[in-house]
Amino acid sequence: MRALVIEHDPLSTPERVGEHLERRGIALDPFVVVEDGSDPEVTAVFPDTGHDLVVLMGSPWSVYDPRARGWVAPELDFIRRRAEAGAPMLGICFGAQAMAAALGGSVAPSARPEYGWGGVGSLVGPIAEEPWFQFHHDEISPPGAAVELARNASGTQAFRLGRGLGVQFHPEMTARLLASWYPAGAADALVEMGLDPDRLLEESAARAVESQAALERMLDWFLDEVVGEAGADHTISGVG
């Protein structure tokens with residue numbers, strides 16, 4: 001299997017998620033949308049290459065950010081085409097928001113932004129309740145046909161739609177990845193939220209180890225039960 005990994009900027013890398021996909025024998029092909037993270041006002045053509053899986057990573061921007069309209073609209077069209085073809089997709093944070101926006105749901109600013117490690121209000125089996133990393137100020141309203149898998153006080157945390165899984169949190173997070181975000185403004189955002197960036201790095205190093213088993217269970221469920229489920233029609237028609 002080959003996975004097309006949509007990295008919306010150079011810091012939106014799959015880290016632990018990518019490592020586990022590779023352990024499962026999946027080759028990763030990255031596609032970076034915004035090469036310069038300080039300038040999101042670009043256009044993009046998303047490759048319909050017939051990959052077995054599409055992974056949609058996070059982003060510093062929101063789907064409704066006017067600076068990003070030159071590539072968000074093409075990305076939502078790309079997601080619709082892949083969903084209508086029954087292709088598997090995994091959306092993480094912005095990726096989950098883009099899936100929702102493309103497939104009949106919506107995204108709006110959240111009354112309860114989330115930063116740091118916290119529970120996600122697991123509703124059914126595959127998503128563990130234990131703390132996951134959060135870094136978002138938006139709220140997902142999933143498409144009507146979606147199955148909500150996790151919800152907390154901030155809103156939907158995970159949903160399934162056809163052969164797609166969207167998670168609001170960042171299962172890929174490591175201390176190394178978080179540290180790479182700090183020079184780009186993440187440290188300032190954390191301070192504004194009353195969090196200590198250095199302490200959060202220490203916590204992230206420990207949490208990444210503690211949550212590894214839950215990460216692997218979630219991804220294995222996704223690959224075996226969602227991606228690998230046979231004999232059913234997973235196409236999604238009339239979306240958008």
# chains A, B, ... in the order shown; residues from 1 in each chain; ligands from 1

call {"tool": "closest_atom_pairs", "arguments": {"of": "segment 133-164 of chain A", "to": "segment 188-193 of chain A", "cutoff": "12 Å", "atoms": "only C-alpha atoms", "output": "Markdown table"}}
result
| residue | atom | partner | partner_atom | distance |
| --- | --- | --- | --- | --- |
| A:Gln134 | CA | A:Leu190 | CA | 11.2 |
| A:Phe135 | CA | A:Leu190 | CA | 9.1 |
| A:His136 | CA | A:Ala189 | CA | 10.4 |
| A:His137 | CA | A:Ala189 | CA | 10.8 |

call {"tool": "residues_around", "arguments": {"residues": "Thr43 of chain A", "least_positions_apart": "5", "cutoff": "10 Å", "atoms": "only C-alpha atoms", "output": "mmCIF file with C-alpha atoms, in the first residue's frame"}}
result
data_model
loop_
_atom_site.group_PDB
_atom_site.id
_atom_site.type_symbol
_atom_site.label_atom_id
_atom_site.label_comp_id
_atom_site.auth_asym_id
_atom_site.auth_seq_id
_atom_site.Cartn_x
_atom_site.Cartn_y
_atom_site.Cartn_z
ATOM 1 C CA VAL A 33 0.894 22.368 0.247
ATOM 2 C CA VAL A 34 2.445 25.583 1.643
ATOM 3 C CA ALA A 68 -5.790 30.000 2.517
ATOM 4 C CA ARG A 69 -8.669 30.039 0.036
ATOM 5 C CA GLY A 70 -6.338 29.413 -2.929
ATOM 6 C CA TRP A 71 -5.598 25.878 -1.739
ATOM 7 C CA VAL A 72 -8.422 25.056 0.688
ATOM 8 C CA ALA A 73 -11.100 25.046 -2.019
ATOM 9 C CA PRO A 74 -9.095 22.676 -4.267
#

call {"tool": "closest_atom_pairs", "arguments": {"of": "segment 45-91 of chain A", "to": "segment 18-21 of chain A", "cutoff": "12 Å", "atoms": "only C-alpha atoms", "output": "JSON lines"}}
result
{"residue": "A:Leu53", "atom": "CA", "partner": "A:Leu21", "partner_atom": "CA", "distance": 10.5}
{"residue": "A:Val54", "atom": "CA", "partner": "A:Leu21", "partner_atom": "CA", "distance": 11.7}
{"residue": "A:Val55", "atom": "CA", "partner": "A:Gly18", "partner_atom": "CA", "distance": 9.2}
{"residue": "A:Leu56", "atom": "CA", "partner": "A:Gly18", "partner_atom": "CA", "distance": 11.5}
{"residue": "A:Met57", "atom": "CA", "partner": "A:Gly18", "partner_atom": "CA", "distance": 10.6}
{"residue": "A:Leu90", "atom": "CA", "partner": "A:Leu21", "partner_atom": "CA", "distance": 11.4}

call {"tool": "write_last_selection", "arguments": {"atoms": "C-alpha atoms", "output": "tab-separated table (two decimals), in the first residue's frame"}}
result
chain	number	residue	atom	x	y	z
A	53	LEU	CA	-4.81	5.84	1.44
A	54	VAL	CA	-4.85	9.61	1.94
A	55	VAL	CA	-3.64	11.11	5.24
A	56	LEU	CA	-4.65	14.74	5.81
A	57	MET	CA	-2.43	16.37	8.42
A	90	LEU	CA	-7.44	9.68	7.73

call {"tool": "closest_residue", "arguments": {"among": "A:Pro143, A:Gly185, A:Gly104, A:Pro88", "to": "Asp224 of chain A", "atoms": "only C-alpha atoms"}}
result
A:Pro88

call {"tool": "residues_around", "arguments": {"residues": "Ile26 of chain A", "least_positions_apart": "4", "cutoff": "6 Å", "atoms": "only C-alpha atoms", "output": "list in words"}}
result
Met1, Arg2, Leu21 and Glu22 of chain A

call {"tool": "residues_around", "arguments": {"residues": "Ala206 of chain A", "least_positions_apart": "3", "cutoff": "12 Å", "atoms": "only C-alpha atoms", "output": "list in words"}}
result
Trp117, Pro131, Trp132, Phe133, Met173, Thr174, Ala175, Arg176, Arg199, Leu200, Leu201, Glu202, Glu203, Val209, Glu210, Ser211 and Gln212 of chain A

call {"tool": "select_by_dssp", "arguments": {"residues": "segment 86-233 of chain A", "states": "helix (DSSP H, G or I)", "output": "ChimeraX atom specification"}}
result
/A:94-102,175-184,186-192,197-210,212-227

call {"tool": "residues_around", "arguments": {"residues": "Asp9 of chain A", "least_positions_apart": "3", "cutoff": "7 Å", "atoms": "only C-alpha atoms", "output": "number ranges by chain"}}
result
A: 12, 32-35, 37, 59

call {"tool": "atom_distance", "arguments": {"atom1": "atom CA of Ala128 of chain A", "atom2": "atom CA of Tyr182 of chain A"}}
result
27.5 Å

call {"tool": "residues_around", "arguments": {"residues": "Ser154 of chain A", "least_positions_apart": "4", "cutoff": "8 Å", "atoms": "only C-alpha atoms", "output": "PyMOL selection string"}}
result
chain A and resi 110-114+139

call {"tool": "write_last_selection", "arguments": {"atoms": "C-alpha atoms", "output": "PDB file, in the first residue's frame"}}
result
ATOM      1  CA  SER A 110     -14.766  27.099  19.118  1.00  0.00           C
ATOM      2  CA  ALA A 111     -16.026  28.590  22.359  1.00  0.00           C
ATOM      3  CA  ARG A 112     -13.630  26.167  24.088  1.00  0.00           C
ATOM      4  CA  PRO A 113     -10.234  26.091  22.342  1.00  0.00           C
ATOM      5  CA  GLU A 114      -7.993  23.225  23.437  1.00  0.00           C
ATOM      6  CA  GLU A 139     -15.097  23.084  16.403  1.00  0.00           C
TER       7      GLU A 139
END

call {"tool": "select_by_dssp", "arguments": {"residues": "segment 11-146 of chain A", "states": "strand (DSSP E)", "output": "ChimeraX atom specification"}}
result
/A:27-32,53-56,89-92,106-118,132-141

call {"tool": "residues_around", "arguments": {"residues": "segment 146-152 of chain A", "least_positions_apart": "3", "cutoff": "8 Å", "atoms": "only C-alpha atoms", "output": "NGL selection string"}}
result
:A and (119-124 or 126-127 or 142-143 or 155-162)

call {"tool": "write_last_selection", "arguments": {"atoms": "N, CA and C atoms", "output": "PDB file, in the first residue's frame"}}
result
ATOM      1  N   GLY A 119      -8.354  14.562  27.865  1.00  0.00           N
ATOM      2  CA  GLY A 119      -9.234  13.487  27.433  1.00  0.00           C
ATOM      3  C   GLY A 119     -10.121  13.918  26.282  1.00  0.00           C
ATOM      4  N   VAL A 120     -10.614  12.942  25.532  1.00  0.00           N
ATOM      5  CA  VAL A 120     -11.411  13.258  24.345  1.00  0.00           C
ATOM      6  C   VAL A 120     -12.838  12.736  24.423  1.00  0.00           C
ATOM      7  N   GLY A 121     -13.239  12.155  25.563  1.00  0.00           N
ATOM      8  CA  GLY A 121     -14.622  11.728  25.704  1.00  0.00           C
ATOM      9  C   GLY A 121     -15.004  10.597  24.786  1.00  0.00           C
ATOM     10  N   SER A 122     -14.225   9.526  24.823  1.00  0.00           N
ATOM     11  CA  SER A 122     -14.478   8.394  23.933  1.00  0.00           C
ATOM     12  C   SER A 122     -15.899   7.868  24.104  1.00  0.00           C
ATOM     13  N   LEU A 123     -16.580   7.622  22.974  1.00  0.00           N
ATOM     14  CA  LEU A 123     -17.942   7.094  23.000  1.00  0.00           C
ATOM     15  C   LEU A 123     -17.991   5.613  22.661  1.00  0.00           C
ATOM     16  N   VAL A 124     -17.136   5.186  21.752  1.00  0.00           N
ATOM     17  CA  VAL A 124     -17.105   3.778  21.354  1.00  0.00           C
ATOM     18  C   VAL A 124     -15.657   3.327  21.206  1.00  0.00           C
ATOM     19  N   PRO A 126     -12.775   2.225  19.447  1.00  0.00           N
ATOM     20  CA  PRO A 126     -11.429   2.404  18.899  1.00  0.00           C
ATOM     21  C   PRO A 126     -10.670   3.618  19.414  1.00  0.00           C
ATOM     22  N   ILE A 127     -11.334   4.614  19.961  1.00  0.00           N
ATOM     23  CA  ILE A 127     -10.671   5.827  20.432  1.00  0.00           C
ATOM     24  C   ILE A 127     -10.531   5.762  21.947  1.00  0.00           C
ATOM     25  N   PRO A 142     -19.830  17.323  12.438  1.00  0.00           N
ATOM     26  CA  PRO A 142     -19.631  16.272  11.434  1.00  0.00           C
ATOM     27  C   PRO A 142     -20.786  16.216  10.441  1.00  0.00           C
ATOM     28  N   PRO A 143     -20.542  15.650   9.267  1.00  0.00           N
ATOM     29  CA  PRO A 143     -21.631  15.413   8.318  1.00  0.00           C
ATOM     30  C   PRO A 143     -22.729  14.569   8.952  1.00  0.00           C
ATOM     31  N   GLY A 155     -16.455  19.715  21.912  1.00  0.00           N
ATOM     32  CA  GLY A 155     -17.137  19.295  20.693  1.00  0.00           C
ATOM     33  C   GLY A 155     -16.670  17.945  20.193  1.00  0.00           C
ATOM     34  N   THR A 156     -16.956  17.655  18.937  1.00  0.00           N
ATOM     35  CA  THR A 156     -16.603  16.373  18.328  1.00  0.00           C
ATOM     36  C   THR A 156     -15.089  16.198  18.308  1.00  0.00           C
ATOM     37  N   GLN A 157     -14.641  15.026  18.742  1.00  0.00           N
ATOM     38  CA  GLN A 157     -13.219  14.717  18.764  1.00  0.00           C
ATOM     39  C   GLN A 157     -12.841  13.637  17.752  1.00  0.00           C
ATOM     40  N   ALA A 158     -13.790  12.838  17.322  1.00  0.00           N
ATOM     41  CA  ALA A 158     -13.507  11.820  16.306  1.00  0.00           C
ATOM     42  C   ALA A 158     -14.815  11.414  15.641  1.00  0.00           C
ATOM     43  N   PHE A 159     -14.738  11.140  14.329  1.00  0.00           N
ATOM     44  CA  PHE A 159     -15.918  10.650  13.617  1.00  0.00           C
ATOM     45  C   PHE A 159     -15.476   9.738  12.489  1.00  0.00           C
ATOM     46  N   ARG A 160     -16.388   8.861  12.114  1.00  0.00           N
ATOM     47  CA  ARG A 160     -16.172   7.996  10.960  1.00  0.00           C
ATOM     48  C   ARG A 160     -17.244   8.286   9.920  1.00  0.00           C
ATOM     49  N   LEU A 161     -16.821   8.331   8.664  1.00  0.00           N
ATOM     50  CA  LEU A 161     -17.761   8.478   7.555  1.00  0.00           C
ATOM     51  C   LEU A 161     -17.259   7.606   6.416  1.00  0.00           C
ATOM     52  N   GLY A 162     -17.996   6.563   6.084  1.00  0.00           N
ATOM     53  CA  GLY A 162     -17.565   5.638   5.050  1.00  0.00           C
ATOM     54  C   GLY A 162     -16.225   5.031   5.408  1.00  0.00           C
TER      55      GLY A 162
END

call {"tool": "atom_distance", "arguments": {"atom1": "atom CA of Glu15 of chain A", "atom2": "atom CA of Leu177 of chain A"}}
result
7.5 Å
